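Working notes, beginning with the structure itself.
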There are 6 protein chains.
Amino acid sequence: MKILIINPNRDDNMTAAILKSAKNFANGDFEVACISSPAAPKFIETYEDQIKAAPDMIKLLKENEEEYDAFIIACHCDPNLDLMKEITKKPVVGIGEASMKMASMLGHRFSVVSTDRHSIPNKEALIRKYHLQDLAASVRAPTDEMTECSDEETYTKLAQLAVDEDMAEVIVLGCAGMAGLDKRMEEKLGVPVLDGVVCALIIAAGLVKYNVSTRKIRRYNPDY
Amino acid sequence: MKILIINPNRDDNMTAAILKSAKNFANGDFEVACISSPAAPKFIETYEDQIKAAPDMIKLLKENEEEYDAFIIACHCDPNLDLMKEITKKPVVGIGEASMKMASMLGHRFSVVSTDRHSIPNKEALIRKYHLQDLAASVRAPTDEMTECSDEETYTKLAQLAVDEDMAEVIVLGCAGMAGLDKRMEEKLGVPVLDGVVCALIIAAGLVKYNVSTRKIRRYNPDY
Amino acid sequence: MKILIINPNRDDNMTAAILKSAKNFANGDFEVACISSPAAPKFIETYEDQIKAAPDMIKLLKENEEEYDAFIIACHCDPNLDLMKEITKKPVVGIGEASMKMASMLGHRFSVVSTDRHSIPNKEALIRKYHLQDLAASVRAPTDEMTECSDEETYTKLAQLAVDEDMAEVIVLGCAGMAGLDKRMEEKLGVPVLDGVVCALIIAAGLVKYNVSTRKIRRYNPDY
Amino acid sequence: MKILIINPNRDDNMTAAILKSAKNFANGDFEVACISSPAAPKFIETYEDQIKAAPDMIKLLKENEEEYDAFIIACHCDPNLDLMKEITKKPVVGIGEASMKMASMLGHRFSVVSTDRHSIPNKEALIRKYHLQDLAASVRAPTDEMTECSDEETYTKLAQLAVDEDMAEVIVLGCAGMAGLDKRMEEKLGVPVLDGVVCALIIAAGLVKYNVSTRKIRRYNPDY
Amino acid sequence: MKILIINPNRDDNMTAAILKSAKNFANGDFEVACISSPAAPKFIETYEDQIKAAPDMIKLLKENEEEYDAFIIACHCDPNLDLMKEITKKPVVGIGEASMKMASMLGHRFSVVSTDRHSIPNKEALIRKYHLQDLAASVRAPTDEMTECSDEETYTKLAQLAVDEDMAEVIVLGCAGMAGLDKRMEEKLGVPVLDGVVCALIIAAGLVKYNVSTRKIRRYNPDY
Amino acid sequence: MKILIINPNRDDNMTAAILKSAKNFANGDFEVACISSPAAPKFIETYEDQIKAAPDMIKLLKENEEEYDAFIIACHCDPNLDLMKEITKKPVVGIGEASMKMASMLGHRFSVVSTDRHSIPNKEALIRKYHLQDLAASVRAPTDEMTECSDEETYTKLAQLAVDEDMAEVIVLGCAGMAGLDKRMEEKLGVPVLDGVVCALIIAAGLVKYNVSTRKIRRYNPDY
């Protein structure tokens with residue numbers, strides 16, 4: 001089995017971090033690759049960024065459709081996920097959807113740790129798109145007074161606040177770039193911390209093995 | 001006041017029909033223009049169609065940003081509407097959002113008449129995006145036995161079924177291409193029939209006159 | 001086109017302020033008048049106030065039905081709005097409904113600034129009636145420590161808190177008596193601030209021009 | 001203990017039927033009276049009817065406030081219920097609210113049998129007001145082909161359809177005028193059939209005995 | 001009429017307190033008894049506790065089914081309530097369901113005062129099970145700094161916070177063991193404070209008198 | 001990796017069918033076993049059945065806790081799932097939860113094919129417990145006229161109706177006893193058909209590999 005992780009942005013460092021984390025999880029049970037979208041923005045934040053990432057994402061999917069058995073979109077806002085599900089018969093999994101739905105099986109409520117306060121409304125819209133609004137305790141993002149902390153300290157602090165004040169019982173890392181922080185944060189927090197890439201690998205590998213994929217006659221029908 | 005209607009597809013006949021309907025409504029109170037997206041698909045149905053329409057939509061908006069006071073996206077699935085709101089400080093109104101929210105002010109529940117049965121799931125997702133799911137009585141689309149009717153007969157029949165069986169009290173035309181049918185259907189049905197382009201013109205012209213527009217510091221912030 | 005604004009209370013100062021703001025917006029494009037309800041309470045707060053305002057509201061609507069093309073109910077709790085929609089074939093628009101639905105088109109979430117803390121439950125019930133509960137960030141009302149501020153300072157402070165703490169992106173003025181504050185507050189806050197009377201004028205004038213009105217066969221049928 | 005049932009309409013026959021049913025239930029455990037609203041409409045159907053009933057309802061409540069321990073509003077659309085709760089410190093119970101909330105304790109879902117098809121939207125709005133929309137299987141009202149049946153046959157047939165097709169497990173009689181049908185219908189249907197007046201008596205008598213009533217500092221505060 | 005209160009735990013002190021409060025309310029109008037579940041846990045907190053209480057609860061119900069007219073489950077998490085409703089044709093009422101639904105008739109929103117912070121997620125799940133999530137202002141439980149207060153002081157303080165900060169208008173005692181605190185807390189708080197046992201007695205006695213019980217053909221059918 | 005499937009009923013034929021299907025999926029990648037609950041009912045339908053199954057389920061889990069890495073509860077109504085998650089630190093997955101959440105990733109809406117019409121209310125309650133009510137198109141169960149068909153024909157017919165009339169895009173098999181029908185039905189229907197046991201294996205194996213499990217400090221804390 002071969003799974004391709006598409007990083008919708010062009011940041012090769014992030015691509016490398018995602019791949020490392022993915023290979024670590026795959027542990028040789030299946031092959032996994034990760035590629036950047038060279039013409040996409042450096043980071044996907046705005047709606048425009050999402051659209052600008054689309055041509056590369058389509059191209060990467062089509063070029064690799066034969067070779068790979070499933071595809072993962074490795075940006076936690078699941079950009080163009082509906083489109084990607086639509087244009088291939090093979091399974092496509094978004095790290096946002098996979099991580100938040102898996103979180104809902106592990107505790108009463110989950111919180112998402114996000115990179116920036118301005119992204120909260122978009123993350124909330126995504127949560128509602130997946131009908132998870134009553135299962136999400138909060139979306140937490142760094143506040144101004146946290147600027148002197150390292151990223152890891154900041155995200156751990158945010159997660160701790162979510163656990164203590166928002167009654168979260170599971171933490172979802174809200175950015176593919178947080179790959180690798182899950183287990184270190186889990187140890188400090190004492191609650192499950194989910195990396196979306198790993199969650200998506202679980203679902204994608206499962207779908208391939210089960211030989212099921214996106215239903216194609218209505219919503220995701222490319223031949224309308 | 002000058003309002004530009006962007007037709008996200010390349011169908012000039014539809015553009016002409018939209019413009020006729022819009023000018024008829026504007027009645028000289030404000031200027032209105034409508035342009036097609038030349039490199040876009042002939043008709044916007046799939047998620048891929050929506051993405052393929054984006055570059056032209058962005059280009060048309062940017063080229064005309066100075067000259068026009070507000071913009072209308074004239075496809076009832078509101079493709080790339082969040083993006084369009086994001087990249088300009090001027091008001092942008094989607095015909096789906098405007099027509100369905102206006103419908104909610106005129107009766108207990110509204111129904112949307114759509115062009116094709118496969119589009120129902122996407123229309124339902126749009127309705128939910130706008131938090132209107134409990135105000136929508138149904139989305140109705142032509143069934144196989146209606147293939148011999150004219151479009152107008154078919155849509156009128158669907159609307160009648162929505163009124164009689166689904167308890168709809170207002171009908172929303174679910175495609176910009178239905179421009180011009182509203183008043184003829186209204187006469188037959190005895191209920192308000194809303195053309196999204198007209199509804200969007202009401203909102204857009206109102207926003208220009210009131211000098212308010214999309215909030216730009218979080219969700220629609222282009223400078224993230 | 002002639003639009004009549006019915007102030008459900010008997011406060012002529014408020015009526016004058018509403019009319020000034022309305023004329024300023026109409027700017028000669030249509031005629032607008034505003035009348036008080038002489039036998040109604042001085043201010044509409046309780047359920048009993050709403051009922052006590054009804055006879056005058058009915059009388060004013062019936063007396064002016066021929067002369068005017070549309071009617072606006074200028075109290076942000078939309079008292080007797082369903083009744084008013086029911087007894088006339090002409091459009092009737094509530095400033096609560098119009099302002100909050102328009103707010104939902106301009107940002108992720110809106111907050112309502114209200115006059116008094118005891119009114120919050122009723123405002124929340126109104127928000128829910130319109131299915132807007134997930135789009136409303138908060139209803140904010142003056143707290144005890146704000147009693148020394150001017151009204152304008154207080155409302156601006158409340159709106160700022162809504163923006164900063166509740167993640168509101170649009171502010172709705174929760175009382176017709178706040179007419180005239182919108183643009184001054186907008187300048188300080190940097191977010192759209194909506195006056196319900198203006199929003200209702202946009203909708204009402206649009207409905208008249210489009211020649212649509214409340215559906216009359218079921219919910220708002222006066223001839224049951 | 002003395003409970004006063006206020007019939008918001010002026011139909012003395014309905015008042016007599018309600019009283020008979022109420023006395024039958026009270027069975028001497030508490031005193032119960034029922035009075036019509038002489039200046040109210042013959043039947044409460046429209047929003048205007050509800051408002052027209054208000055002055056008598058207020059008058060009857062105030063005149064009898066000292067003498068009675070609790071009040072029941074005996075129209076299933078709960079007209080002016082919020083107002084009635086507001087103007088007295090004694091318990092006020094609506095037959096719509098009491099019957100539908102009690103129904104939710106007896107089965108998976110309940111259906112309401114209503115008198116007329118045009119009333120369905122208003123009944124649905126009431127159901128939603130009480131947050132019961134997911135617990136209501138349907139609101140059923142007579143269809144045209146049922147016109148030759150007696151009322152009792154018609155309502156029983158509607159209830160049977162609700163049980164068989166809508167998966168209802170409890171039937172709520174949707175009009176105070178259906179008093180007396182509950183046990184006869186129950187026998188035919190094999191499911192609980194709830195008369196709102198009886199349900200309201202249960203709640204009202206319980207509140208009196210428990211010495212609790214409507215909370216008066218915010219929503220129902222008459223001294224705003 | 002004879003009502004049996006089943007205390008799902010084996011704590012005879014709690015059973016005595018419940019019985020005292022119940023007899024005080026019954027006031028001789030009907031007979032009431034309360035029995036402990038001797039093989040059940042001392043206190044019902046976990047899911048395992050709930051299951052461990054089941055055999056005794058079933059046994060107590062079956063042994064007393066002939067003699068009593070209705071049954072009350074006196075633990076505010078309503079353990080095994082669906083099961084108890086299923087295995088008898090007589091009415092069974094849970095103190096959680098009865099108290100929270102009755103609270104919803106007395107004010108805008110209610111809050112539940114709970115015994116321990118870890119129980120909040122389970123209480124929230126119960127609230128959602130009854131479709132009351134939008135009517136519940138909060139579930140409050142003692143915080144660490146309250147450990148030196150008496151139970152009554154602590155619960156009163158929590159209730160006050162719910163009223164002041166969460167806008168609660170009615171307080172629900174979230175544990176059968178709080179029996180007897182209702183009126184003392186009510187006096188201090190000025191809002192209705194509901195003891196679930198009393199609320200359940202109101203509903204149970206009413207159902208017996210009305211001769212209705214749980215619907216038995218689908219959801220609660222023991223003869224599947 | 002070793003996964004234990006607990007069949008909550010005592011039907012060894014069903015246990016054998018589940019195991020066959022599970023081994024077929026596992027395909028040697030991990031070990032899987034399935035055991036019946038010898039003192040449990042033959043089939044789990046009622047709430048009482050669920051409780052009667054609990055002692056064996058607890059015993060089987062505790063006896064095998066050391067040896068196995070994860071546990072699956074193989075009854076589609078997820079009996080005692082919260083309890084099972086509570087009493088072990090290892091992952092426990094219900095086939096109802098896993099299959100319906102996975103279905104939500106593959107299409108617009110899913111339908112559940114159930115064994116019996118009386119089980120629909122309980123299945124709907126389960127769907128709502130998981131917050132999936134707006135993603136479920138329907139729960140379909142055999143009707144009287146289907147009694148002469150084979151089980152497989154009946155379930156396929158029900159699934160076809162769900163696809164055609166309820167707009168389902170994914171089918172979930174609503175009983176562990178349907179193991180083995182998935183791929184045959186999928187071929188006839190042209191939509192994904194999900195066997196809950198396989199879905200649970202995907203999630204359980206993934207959780208083991210990722211080394212995450214149920215959060216234990218609040219909702220599922222056995223040491224309350």
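Chain labels follow the order of the structure tokens: the first chain is A, the next B, and so on; residue numbering restarts at 1 in every chain, and ligands are counted from 1 in their shown order.
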Each residue of chain C with at least one atom at most 10 Å from chain D should appear once, together with its nearest atom pair and the corresponding distance in Å (one decimal); atoms considered: only C-alpha atoms; ordering: chain, then increasing residue number; output as CSV.
residue,atom,partner,partner_atom,distance
C:Ile44,CA,D:Tyr224,CA,9.7
C:Glu45,CA,D:Tyr224,CA,6.7
C:Thr46,CA,D:Pro222,CA,6.5
C:Tyr47,CA,D:Leu83,CA,4.9
C:Glu48,CA,D:Leu83,CA,5.6
C:Asp49,CA,D:Leu83,CA,9.1
C:Gln50,CA,D:Leu83,CA,8.9
C:Ile51,CA,D:Ile51,CA,6.9
C:Lys52,CA,D:Pro55,CA,8.7
C:Ala54,CA,D:Ile51,CA,7.3
C:Pro55,CA,D:Ile51,CA,8.6
C:Ile58,CA,D:Glu48,CA,9.2
C:Asn80,CA,D:Tyr47,CA,8.3
C:Leu81,CA,D:Tyr47,CA,9.4
C:Asp82,CA,D:Tyr47,CA,6.6
C:Leu83,CA,D:Tyr47,CA,4.9
C:Met84,CA,D:Glu48,CA,8.4
C:Lys85,CA,D:Tyr47,CA,9.4
C:Glu86,CA,D:Tyr47,CA,7.2
C:Ile87,CA,D:Glu48,CA,7.6
C:Asp116,CA,D:Tyr224,CA,9.2
C:Arg117,CA,D:Arg218,CA,8.2
C:His118,CA,D:Arg218,CA,4.8
C:Ser119,CA,D:Arg219,CA,7.0
C:Ile120,CA,D:Arg219,CA,8.0
C:Pro121,CA,D:Arg219,CA,5.7
C:Asn122,CA,D:Arg219,CA,6.1
C:Lys123,CA,D:Arg219,CA,9.6
C:Ala125,CA,D:Lys129,CA,8.2
C:Leu126,CA,D:Lys129,CA,9.9
C:Arg128,CA,D:Lys129,CA,8.1
C:Lys129,CA,D:Lys129,CA,7.0
C:His131,CA,D:Arg128,CA,9.9
C:Ile217,CA,D:His118,CA,7.6
C:Arg218,CA,D:His118,CA,4.8
C:Arg219,CA,D:Pro121,CA,5.7
C:Tyr220,CA,D:Thr46,CA,7.6
C:Asn221,CA,D:Thr46,CA,7.3
C:Pro222,CA,D:Thr46,CA,6.5
C:Asp223,CA,D:Thr46,CA,8.2
C:Tyr224,CA,D:Glu45,CA,6.8
- Query: Please, what distance in Å, to one decimal, runs between CA of Lys90 in chain A and CA of Ile73 in chain A?
  - Reply: 13.1 Å
- Message: Please list as JSON, numbers by chain every residue within 7 Å of Asp182 in chain D, counting only C-alpha atoms and excluding residues in the same chain fewer than 4 positions away.
- Response: {"D": [186, 193, 194, 195]}
- So which residues touch Ile6 in chain D within 7 Å, counting only C-alpha atoms, skipping near sequence neighbours fewer than 2 positions away, as a list in words? Leu4, Pro8, Cys34, Ile35, Ser36, Ile72, Ile73 and Ala74 of chain D
- Task: For CA of Ala204 in chain C and CA of Thr88 in chain C, quote the distance in Å rounded to one decimal.
- Result: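 Answer for the CA of Ala204 in chain C to CA of Thr88 in chain C separation: 13.9 Å.
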- Message: One decimal, in Å: what's the spacing between CA of Lys23 in chain B and CA of Ala205 in chain C?
- Response: 16.8 Å
- Query: Looking only at the backbone, which of the residues in range 96-192 of chain A does DSSP tag as strand (DSSP E), as a list of chain:residue names?
  - Reply: A:Phe110, A:Ser111, A:Val112, A:Val113, A:Ala136, A:Ala137, A:Ser138, A:Val139, A:Arg140, A:Val170, A:Ile171, A:Val172, A:Leu173
- Just the residues within 12 Å of Val32 in chain A, please, counting only C-alpha atoms, with nothing from its chain fewer than 4 positions along; format it as a list in words.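 The neighbour list is Met1, Lys2, Ile3, Leu4, Ile5, Ile6, Ile18, Leu19, Lys20, Ser21, Ala22, Lys23, Asn24, Phe25, Ala26, Asn27, Gly28, Glu67, Tyr68, Asp69, Ala70, Phe71, Ile72, Val197, Val198, Leu201, Ala204 and Ala205 of chain A.
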- Message: as JSON, numbers by chain, please: the residues near range 144-146 of chain E (cut-off 10 Å, only C-alpha atoms, same-chain neighbours under 2 positions excluded).
- Response: {"E": [117, 141, 142, 148, 149, 150, 151, 153, 154, 155, 157, 158]}
Writer output for current selection, C-alpha atoms, as a PDB file, in the first residue's frame:
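File produced: result_35.pdb:
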ATOM      1  CA  ARG E 117     -16.334  18.730  38.923  1.00  0.00           C
ATOM      2  CA  ALA E 141     -19.585  22.090  40.642  1.00  0.00           C
ATOM      3  CA  PRO E 142     -17.392  22.920  43.643  1.00  0.00           C
ATOM      4  CA  GLU E 148     -13.591  24.599  53.478  1.00  0.00           C
ATOM      5  CA  CYS E 149     -17.234  25.569  53.131  1.00  0.00           C
ATOM      6  CA  SER E 150     -20.096  23.399  54.283  1.00  0.00           C
ATOM      7  CA  ASP E 151     -21.965  21.632  51.524  1.00  0.00           C
ATOM      8  CA  GLU E 153     -22.684  27.064  51.665  1.00  0.00           C
ATOM      9  CA  THR E 154     -20.868  25.630  48.678  1.00  0.00           C
ATOM     10  CA  TYR E 155     -23.997  24.773  46.715  1.00  0.00           C
ATOM     11  CA  LYS E 157     -22.423  29.901  46.349  1.00  0.00           C
ATOM     12  CA  LEU E 158     -22.390  27.889  43.135  1.00  0.00           C
TER      13      LEU E 158
END
Would you pick out the contacts of Val112 in chain D at 9 Å or less, using only C-alpha atoms, so that residues sharing its chain but fewer than 2 positions from it are not included, and give the list as a JSON list (two decimals) with N, CA, C and O atoms, in the first residue's frame?
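And here is the file that came out, result28.json:
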[["chain", "number", "residue", "atom", "x", "y", "z"],
["D", 100, "MET", "N", -46.82, 19.10, 25.73],
["D", 100, "MET", "CA", -45.73, 18.63, 24.87],
["D", 100, "MET", "C", -44.51, 18.23, 25.70],
["D", 100, "MET", "O", -43.83, 17.26, 25.37],
["D", 110, "PHE", "N", -43.41, 12.48, 20.02],
["D", 110, "PHE", "CA", -44.86, 12.73, 20.05],
["D", 110, "PHE", "C", -45.31, 13.42, 18.78],
["D", 110, "PHE", "O", -44.50, 14.03, 18.08],
["D", 114, "SER", "N", -53.81, 18.55, 15.11],
["D", 114, "SER", "CA", -54.25, 19.93, 15.07],
["D", 114, "SER", "C", -55.58, 20.04, 14.32],
["D", 114, "SER", "O", -55.98, 19.12, 13.62],
["D", 123, "LYS", "N", -47.97, 26.07, 14.82],
["D", 123, "LYS", "CA", -47.70, 25.02, 15.82],
["D", 123, "LYS", "C", -46.22, 24.63, 15.78],
["D", 123, "LYS", "O", -45.60, 24.43, 16.84],
["D", 136, "ALA", "N", -40.60, 16.11, 18.36],
["D", 136, "ALA", "CA", -41.91, 16.09, 17.72],
["D", 136, "ALA", "C", -41.81, 15.32, 16.41],
["D", 136, "ALA", "O", -41.02, 15.68, 15.54],
["D", 137, "ALA", "N", -42.57, 14.25, 16.29],
["D", 137, "ALA", "CA", -42.55, 13.48, 15.05],
["D", 137, "ALA", "C", -43.27, 14.22, 13.94],
["D", 137, "ALA", "O", -42.85, 14.19, 12.78],
["D", 138, "SER", "N", -44.35, 14.90, 14.25],
["D", 138, "SER", "CA", -45.13, 15.60, 13.22],
["D", 138, "SER", "C", -46.24, 16.41, 13.87],
["D", 138, "SER", "O", -46.59, 16.20, 15.02],
["D", 139, "VAL", "N", -46.76, 17.34, 13.09],
["D", 139, "VAL", "CA", -48.03, 17.98, 13.40],
["D", 139, "VAL", "C", -48.98, 17.55, 12.29],
["D", 139, "VAL", "O", -48.68, 17.77, 11.12],
["D", 140, "ARG", "N", -50.04, 16.89, 12.66],
["D", 140, "ARG", "CA", -50.99, 16.38, 11.67],
["D", 140, "ARG", "C", -52.29, 17.19, 11.74],
["D", 140, "ARG", "O", -52.76, 17.51, 12.84],
["D", 141, "ALA", "N", -52.84, 17.50, 10.60],
["D", 141, "ALA", "CA", -54.11, 18.22, 10.55],
["D", 141, "ALA", "C", -54.98, 17.59, 9.47],
["D", 141, "ALA", "O", -54.47, 16.92, 8.56],
["D", 159, "ALA", "N", -54.16, 10.65, 14.23],
["D", 159, "ALA", "CA", -53.27, 10.12, 15.26],
["D", 159, "ALA", "C", -52.72, 8.76, 14.83],
["D", 159, "ALA", "O", -51.53, 8.46, 15.02],
["D", 162, "ALA", "N", -50.01, 9.28, 12.42],
["D", 162, "ALA", "CA", -48.81, 9.77, 13.11],
["D", 162, "ALA", "C", -48.06, 8.61, 13.75],
["D", 162, "ALA", "O", -46.83, 8.54, 13.71],
["D", 170, "VAL", "N", -46.54, 8.99, 21.26],
["D", 170, "VAL", "CA", -47.47, 9.69, 22.15],
["D", 170, "VAL", "C", -48.22, 10.70, 21.30],
["D", 170, "VAL", "O", -47.63, 11.29, 20.39],
["D", 171, "ILE", "N", -49.51, 10.88, 21.57],
["D", 171, "ILE", "CA", -50.31, 11.85, 20.83],
["D", 171, "ILE", "C", -50.69, 13.00, 21.76],
["D", 171, "ILE", "O", -51.13, 12.78, 22.89],
["D", 172, "VAL", "N", -50.51, 14.21, 21.26],
["D", 172, "VAL", "CA", -50.91, 15.40, 22.00],
["D", 172, "VAL", "C", -52.11, 16.03, 21.28],
["D", 172, "VAL", "O", -52.02, 16.28, 20.08],
["D", 173, "LEU", "N", -53.19, 16.25, 22.01],
["D", 173, "LEU", "CA", -54.36, 16.91, 21.42],
["D", 173, "LEU", "C", -54.04, 18.39, 21.26],
["D", 173, "LEU", "O", -53.76, 19.08, 22.24],
["D", 174, "GLY", "N", -54.09, 18.90, 20.03],
["D", 174, "GLY", "CA", -53.58, 20.23, 19.73],
["D", 174, "GLY", "C", -54.58, 21.35, 19.87],
["D", 174, "GLY", "O", -54.37, 22.42, 19.30]]
